[in-house]
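**Q** Input: one structure, supplied below.
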Amino acid sequence: MRAVDVIAGLEALTGPQGRALQERLRGLDVGGAEGLRLGTQLRREFPTQLVIDAMAQQELRRRASAKFRLAADMFFTRDGWEQASAEVVSTHRRTRFRGCARVADLCCGIGGDLVAIAAECAVRAVDRDPVHVWMARQNARVHGVAERVDTGEADVRDVDLADVDGVFVDPARRSGAGRKRLGESEPPLEWCLELPRRVGKVGIKAAPGIPHDVVPEGWELEFVAVDRELKEAAVWSPALATARTRATVLPAGDTLVAEPGTPVAVGEPAEFLLDPNPAVTRAGLVEDLARGLDVHKIDEQIAFLTADRAVHTPFARTLRVIDSAPWNQKQLPARLRALDVGAVDIRRRGLAGDVDALHRKLRLSGSRRATLVMTRVRDRPWALVCLDVPVPGPGDGSLVP
């Protein structure tokens with residue numbers, strides 16, 4: 001469908017009939033057989049195309065509610081919703097532009113970042129997709145920042161940046177054929193890295209698999225996780241950089257950066273095992289975390305840490321080790337039964353194996369749920385059976401950074 005026709009359908013949703021229809025659909029799951037029945041009913045009252053467009057938006061809004069608190073009133077395309085950063089990530093990122101008068105949001109998509117940045121300063125939002133430009137403008141209104149945002153349809157490489165003092169760019173990593181290969185984007189990363197020649201303060205959204213060595217000296221590479229899920233990376237120009245690499249864990253905003261120090265010792269697993277957050281692992285900061293906590297590694301190459309005390313940190317999950325021995329798959333079911341383990345989550349790092357096949361073979365019936373860690377200790381295949389350690393609440397003890 002032509003972009004002009006898509007936009008005409010979306011405009012109809014903002015009219016009286018469209019608003020009434022959207023209110024009828026608010027909060028509903030319009031998928032499956034129930035959605036088909038609902039669509040049939042609504043087509044008796046509203047134009048067919050209006051119903052189709054409204055139900056498509058309602059389904060996207062329902063899915064996007066995990067990312068955006070105002071998703072129920074926003075407009076989305078499937079690609080725009082999937083590529084948009086979660087609101088908690090955009091809100092964290094916007095603080096880098098504090099003090100800027102105007103920031104250019106290049107490849108703005110449906111406007112997830114621009115509505116966050118507009119809380120700090122004026123924003124010029126540019127995208128070459130006219131449907132996304134229309135949505136970005138509408139979503140700015142939903143968030144109450146429309147007066148601080150101007151939008152334009154253009155190839156971002158042709159945009160005049162003379163009147164902005166900051167740039168955020170989210171290069172497209174999808175095409176009509178699907179997701180691009182790692183390292184490919186439009187515009188290319190190489191073009192984005194040249195932006196500081198025109199505007200000093202530049203932030204670039206990147207995939208979490210970005211290689212460290214593609215980031216120039218003087219820039220910062222930040223890996224961002226929400227709780228324990230690694231979401232994305234950001235590359236910050238020298239004018240915005242405060243470290244070489246950084247791991248950030250949201251929603252609290254805890255950050256870890258590299259600090260000079262001696263190599264971390266390697267030893268046998270102790271009573272507690274620390275599984276670093278994936279943002280820490282991707283940032284290459286496992287040893288920095290270990291030094292800060294005064295704990296040691298169980299293997300030179302494996303990103304597990306161990307301690308003789310319970311350590312509570314936002315940068316790792318802490319487990320209590322109840323069994324530790326060389327890997328022996330034949331003996332494993334008996335070991336787990338002796339420990340009264342009836343269900344396991346399997347965590348594999350540094351040791352090959354089919355996790356699904358192992359789950360099927362264990363046939364457990366105990367009363368406890370445990371984590372089975374398949375790993376290496378001093379380069380030897382190893383198995384650790386662990387239990388979760390409750391995180392202390394307020395007044396129960398302080399977190400260790």
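Naming works like this for the structure tokens: A, B, ... for the chains as they're shown, residue 1 at the start of each chain, ligands 1 onward in shown order.
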Would you mind writing down, as a PyMOL selection string, each residue of segment 42-141 of chain A that DSSP on the backbone assigns to alpha helix (DSSP H)?
**A** chain A and resi 42+48-64+78-83+87-94+112-117+130-141
**Q** Mind checking which residues fall within 6 Å of Ala225 of chain A, counting only C-alpha atoms, ignoring those fewer than 6 positions away in the same chain, and posting them as a PDB file with all heavy atoms, in the first residue's frame?
**A**
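In the end it all went to around_17.pdb:
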```pdb
ATOM      1  N   LYS A 231      19.560  -5.330  26.247  1.00  0.00           N
ATOM      2  CA  LYS A 231      18.672  -4.733  25.262  1.00  0.00           C
ATOM      3  C   LYS A 231      19.415  -4.172  24.063  1.00  0.00           C
ATOM      4  O   LYS A 231      19.038  -4.411  22.919  1.00  0.00           O
ATOM      5  CB  LYS A 231      17.844  -3.628  25.917  1.00  0.00           C
ATOM      6  CG  LYS A 231      16.810  -4.126  26.910  1.00  0.00           C
ATOM      7  CD  LYS A 231      15.718  -4.907  26.217  1.00  0.00           C
ATOM      8  CE  LYS A 231      14.587  -5.274  27.152  1.00  0.00           C
ATOM      9  NZ  LYS A 231      13.521  -6.031  26.467  1.00  0.00           N
ATOM     10  N   VAL A 249      22.624  -1.074  34.101  1.00  0.00           N
ATOM     11  CA  VAL A 249      21.496  -1.947  34.419  1.00  0.00           C
ATOM     12  C   VAL A 249      20.324  -1.069  34.835  1.00  0.00           C
ATOM     13  O   VAL A 249      20.396  -0.332  35.825  1.00  0.00           O
ATOM     14  CB  VAL A 249      21.854  -2.951  35.537  1.00  0.00           C
ATOM     15  CG1 VAL A 249      20.665  -3.859  35.827  1.00  0.00           C
ATOM     16  CG2 VAL A 249      23.076  -3.787  35.130  1.00  0.00           C
ATOM     17  N   ALA A 279      25.060  -7.351  30.446  1.00  0.00           N
ATOM     18  CA  ALA A 279      25.662  -6.064  30.087  1.00  0.00           C
ATOM     19  C   ALA A 279      27.107  -6.007  30.570  1.00  0.00           C
ATOM     20  O   ALA A 279      27.991  -5.471  29.890  1.00  0.00           O
ATOM     21  CB  ALA A 279      24.859  -4.914  30.683  1.00  0.00           C
TER      22      ALA A 279
END
```
**Q** Pick from A:Cys386, A:Leu195, A:Leu273, A:Leu13: nearest to Leu106 of chain A, with only C-alpha atoms counted?
**A**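 Looking at the shortest contact to Leu106 of chain A, the residue is A:Leu195.
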**Q** So what do you get for atom CA of His143 of chain A versus atom CA of Ala72 of chain A, distance-wise?
**A**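 Distance between the two atoms: 11.8 Å.
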**Q** Would you list the contacts of Thr306 of chain A as a PyMOL selection string, taking every protein, DNA or RNA residue within 8 Å and counting only C-alpha atoms, but skipping same-chain residues closer than 6 positions in sequence?
**A** chain A and resi 269-274+295-298
**Q** Produce a file of the selected residues containing N, CA and C atoms, as a PDB file, in the first residue's frame.
**A**
```pdb
ATOM      1  N   PRO A 269      35.246 -23.337  43.020  1.00  0.00           N
ATOM      2  CA  PRO A 269      33.968 -22.739  43.413  1.00  0.00           C
ATOM      3  C   PRO A 269      33.803 -22.764  44.933  1.00  0.00           C
ATOM      4  N   ALA A 270      33.385 -21.629  45.488  1.00  0.00           N
ATOM      5  CA  ALA A 270      33.129 -21.525  46.919  1.00  0.00           C
ATOM      6  C   ALA A 270      31.630 -21.688  47.168  1.00  0.00           C
ATOM      7  N   GLU A 271      31.138 -21.190  48.294  1.00  0.00           N
ATOM      8  CA  GLU A 271      29.747 -21.435  48.676  1.00  0.00           C
ATOM      9  C   GLU A 271      28.758 -20.688  47.798  1.00  0.00           C
ATOM     10  N   PHE A 272      29.194 -19.584  47.186  1.00  0.00           N
ATOM     11  CA  PHE A 272      28.280 -18.776  46.383  1.00  0.00           C
ATOM     12  C   PHE A 272      28.854 -18.553  44.982  1.00  0.00           C
ATOM     13  N   LEU A 273      27.950 -18.561  43.998  1.00  0.00           N
ATOM     14  CA  LEU A 273      28.312 -18.341  42.604  1.00  0.00           C
ATOM     15  C   LEU A 273      27.637 -17.062  42.129  1.00  0.00           C
ATOM     16  N   LEU A 274      28.400 -16.209  41.434  1.00  0.00           N
ATOM     17  CA  LEU A 274      27.863 -14.970  40.882  1.00  0.00           C
ATOM     18  C   LEU A 274      27.822 -15.081  39.361  1.00  0.00           C
ATOM     19  N   VAL A 295      36.068 -10.847  44.969  1.00  0.00           N
ATOM     20  CA  VAL A 295      35.752 -12.254  44.732  1.00  0.00           C
ATOM     21  C   VAL A 295      36.688 -12.766  43.641  1.00  0.00           C
ATOM     22  N   HIS A 296      36.633 -14.062  43.339  1.00  0.00           N
ATOM     23  CA  HIS A 296      37.537 -14.591  42.322  1.00  0.00           C
ATOM     24  C   HIS A 296      36.771 -15.348  41.243  1.00  0.00           C
ATOM     25  N   LYS A 297      37.500 -15.708  40.178  1.00  0.00           N
ATOM     26  CA  LYS A 297      36.917 -16.428  39.049  1.00  0.00           C
ATOM     27  C   LYS A 297      37.070 -17.936  39.273  1.00  0.00           C
ATOM     28  N   ILE A 298      36.269 -18.709  38.530  1.00  0.00           N
ATOM     29  CA  ILE A 298      36.414 -20.165  38.594  1.00  0.00           C
ATOM     30  C   ILE A 298      37.169 -20.703  37.376  1.00  0.00           C
TER      31      ILE A 298
END
```
